[in-house]
$ cat data.tsv   # TSV, N, CA and C atoms
chain	number	residue	atom	x	y	z
A	1	MET	N	108.63	33.26	163.31
A	1	MET	CA	108.17	34.16	164.35
A	1	MET	C	108.78	33.81	165.71
A	2	SER	N	108.91	32.52	165.98
A	2	SER	CA	109.44	32.14	167.28
A	2	SER	C	110.93	32.48	167.40
A	3	ASN	N	111.68	32.43	166.28
A	3	ASN	CA	113.10	32.81	166.32
A	3	ASN	C	113.26	34.28	166.66
A	4	GLN	N	112.40	35.11	166.14
A	4	GLN	CA	112.47	36.54	166.43
A	4	GLN	C	112.14	36.81	167.89
A	5	GLU	N	111.23	36.06	168.45
A	5	GLU	CA	110.88	36.23	169.86
A	5	GLU	C	112.07	35.88	170.75
A	6	HIS	N	112.82	34.85	170.39
A	6	HIS	CA	113.96	34.44	171.20
A	6	HIS	C	115.10	35.46	171.12
A	7	THR	N	115.27	36.10	169.99
A	7	THR	CA	116.36	37.06	169.87
A	7	THR	C	116.07	38.36	170.62
A	8	ASN	N	114.81	38.67	170.85
A	8	ASN	CA	114.46	39.90	171.55
A	8	ASN	C	114.47	39.74	173.07
A	9	GLU	N	114.57	38.50	173.56
A	9	GLU	CA	114.58	38.28	175.01
A	9	GLU	C	115.92	38.72	175.58
A	10	ARG	N	115.87	39.31	176.76
A	10	ARG	CA	117.09	39.72	177.44
A	10	ARG	C	117.64	38.53	178.21
A	11	VAL	N	118.95	38.34	178.14
A	11	VAL	CA	119.60	37.26	178.87
A	11	VAL	C	119.79	37.71	180.30
A	12	PRO	N	119.37	36.89	181.27
A	12	PRO	CA	119.54	37.28	182.68
A	12	PRO	C	121.01	37.47	183.04
A	13	VAL	N	121.25	38.34	184.00
A	13	VAL	CA	122.62	38.69	184.40
A	13	VAL	C	123.35	37.46	184.93
A	14	MET	N	122.70	36.67	185.76
A	14	MET	CA	123.36	35.50	186.35
A	14	MET	C	123.75	34.50	185.27
A	15	GLN	N	122.93	34.36	184.23
A	15	GLN	CA	123.27	33.44	183.14
A	15	GLN	C	124.48	33.95	182.37
A	16	ARG	N	124.58	35.27	182.18
A	16	ARG	CA	125.75	35.82	181.49
A	16	ARG	C	127.01	35.61	182.33
A	17	VAL	N	126.90	35.73	183.66
A	17	VAL	CA	128.06	35.51	184.53
A	17	VAL	C	128.50	34.05	184.47
A	18	LEU	N	127.54	33.14	184.54
A	18	LEU	CA	127.87	31.71	184.55
A	18	LEU	C	128.33	31.21	183.18
A	19	ASP	N	128.01	31.92	182.12
A	19	ASP	CA	128.44	31.51	180.78
A	19	ASP	C	129.84	32.03	180.43
A	20	ASN	N	130.40	32.89	181.26
A	20	ASN	CA	131.71	33.49	180.97
A	20	ASN	C	132.78	32.81	181.84
A	21	PRO	N	133.59	31.89	181.27
A	21	PRO	CA	134.56	31.17	182.09
A	21	PRO	C	135.66	32.08	182.66
A	22	PHE	N	136.03	33.14	181.93
A	22	PHE	CA	137.09	34.01	182.45
A	22	PHE	C	136.59	34.82	183.64
A	23	LEU	N	135.34	35.23	183.62
A	23	LEU	CA	134.77	35.93	184.76
A	23	LEU	C	134.66	35.00	185.96
A	24	LEU	N	134.28	33.75	185.71
A	24	LEU	CA	134.23	32.78	186.81
A	24	LEU	C	135.61	32.54	187.40
A	25	LEU	N	136.63	32.46	186.55
A	25	LEU	CA	137.99	32.29	187.04
A	25	LEU	C	138.42	33.48	187.86
A	26	PHE	N	138.13	34.68	187.37
A	26	PHE	CA	138.48	35.90	188.10
A	26	PHE	C	137.79	35.93	189.46
A	27	LEU	N	136.50	35.65	189.48
A	27	LEU	CA	135.77	35.65	190.75
A	27	LEU	C	136.26	34.55	191.69
A	28	GLY	N	136.60	33.39	191.13
A	28	GLY	CA	137.08	32.28	191.93
A	28	GLY	C	138.44	32.52	192.55
A	29	VAL	N	139.22	33.40	191.96
A	29	VAL	CA	140.54	33.72	192.52
A	29	VAL	C	140.45	34.92	193.46
A	30	THR	N	139.71	35.94	193.06
A	30	THR	CA	139.70	37.17	193.85
A	30	THR	C	138.84	37.07	195.11
A	31	MET	N	137.71	36.41	195.04
A	31	MET	CA	136.84	36.35	196.22
A	31	MET	C	137.52	35.67	197.40
A	32	PRO	N	138.10	34.47	197.25
A	32	PRO	CA	138.80	33.88	198.39
A	32	PRO	C	139.99	34.73	198.86
A	33	THR	N	140.69	35.34	197.92
A	33	THR	CA	141.83	36.19	198.30
A	33	THR	C	141.38	37.35	199.17
A	34	VAL	N	140.34	38.03	198.75
A	34	VAL	CA	139.82	39.17	199.52
A	34	VAL	C	139.32	38.71	200.88
A	35	LEU	N	138.60	37.59	200.91
A	35	LEU	CA	138.09	37.10	202.19
A	35	LEU	C	139.21	36.71	203.15
A	36	TYR	N	140.27	36.06	202.63
A	36	TYR	CA	141.38	35.69	203.50
A	36	TYR	C	142.15	36.91	203.99
A	37	ILE	N	142.27	37.93	203.16
A	37	ILE	CA	142.93	39.16	203.60
A	37	ILE	C	142.13	39.82	204.71
A	38	ILE	N	140.81	39.91	204.53
A	38	ILE	CA	139.95	40.50	205.56
A	38	ILE	C	140.02	39.68	206.84
A	39	TRP	N	139.98	38.36	206.70
A	39	TRP	CA	140.06	37.47	207.86
A	39	TRP	C	141.40	37.67	208.58
A	40	GLY	N	142.48	37.80	207.84
A	40	GLY	CA	143.79	38.03	208.45
A	40	GLY	C	143.87	39.36	209.17
A	41	ILE	N	143.28	40.40	208.60
A	41	ILE	CA	143.28	41.71	209.26
A	41	ILE	C	142.49	41.64	210.56
A	42	ILE	N	141.37	40.95	210.55
A	42	ILE	CA	140.57	40.80	211.77
A	42	ILE	C	141.36	40.03	212.83
A	43	GLU	N	142.04	38.97	212.42
A	43	GLU	CA	142.84	38.19	213.37
A	43	GLU	C	143.99	39.02	213.96
A	44	ILE	N	144.66	39.79	213.13
A	44	ILE	CA	145.76	40.64	213.62
A	44	ILE	C	145.23	41.71	214.56
A	45	ALA	N	144.06	42.26	214.26
A	45	ALA	CA	143.49	43.30	215.11
A	45	ALA	C	143.07	42.76	216.48
A	46	GLN	N	142.84	41.47	216.57
A	46	GLN	CA	142.41	40.89	217.84
A	46	GLN	C	143.59	40.49	218.74
A	47	ILE	N	144.80	40.55	218.24
A	47	ILE	CA	145.96	40.22	219.07
A	47	ILE	C	146.15	41.31	220.11
A	48	PRO	N	146.22	40.95	221.38
A	48	PRO	CA	146.40	41.97	222.41
A	48	PRO	C	147.79	42.62	222.32
A	49	VAL	N	147.85	43.87	222.69
A	49	VAL	CA	149.11	44.61	222.67
A	49	VAL	C	149.95	44.18	223.85
A	50	ALA	N	151.25	43.94	223.61
A	50	ALA	CA	152.16	43.51	224.68
A	50	ALA	C	152.37	44.67	225.66
A	51	PRO	N	152.38	44.35	226.97
A	51	PRO	CA	152.57	45.40	227.98
A	51	PRO	C	153.98	45.93	228.04

$ encode --input "data.tsv" --output "structure tokens"
Amino acid sequence: MSNQEHTNERVPVMQRVLDNPFLLLFLGVTMPTVLYIIWGIIEIAQIPVAP
């Protein structure tokens, strides 16, 4: 009976994310890349225009 109860439980989303190494690799590469691109765009936008 207890085995059947465990199979019917839904696995939390965060546990599924942390159990998938390829998803972690993808997130670990894309998140810093996106943040650095956004940071670079903000830095370029703050450069004053030459007179």

$ atom_distance --input "data.tsv" --atom1 "CA of Leu27 (chain A)" --atom2 "CA of Met14 (chain A)"
13.2 Å

$ atom_distance --input "data.tsv" --atom1 "atom N of Glu9 (chain A)" --atom2 "CA of Pro21 (chain A)"
22.9 Å

$ atom_distance --input "data.tsv" --atom1 "atom N of Ile44 (chain A)" --atom2 "atom N of Leu25 (chain A)"
28.7 Å
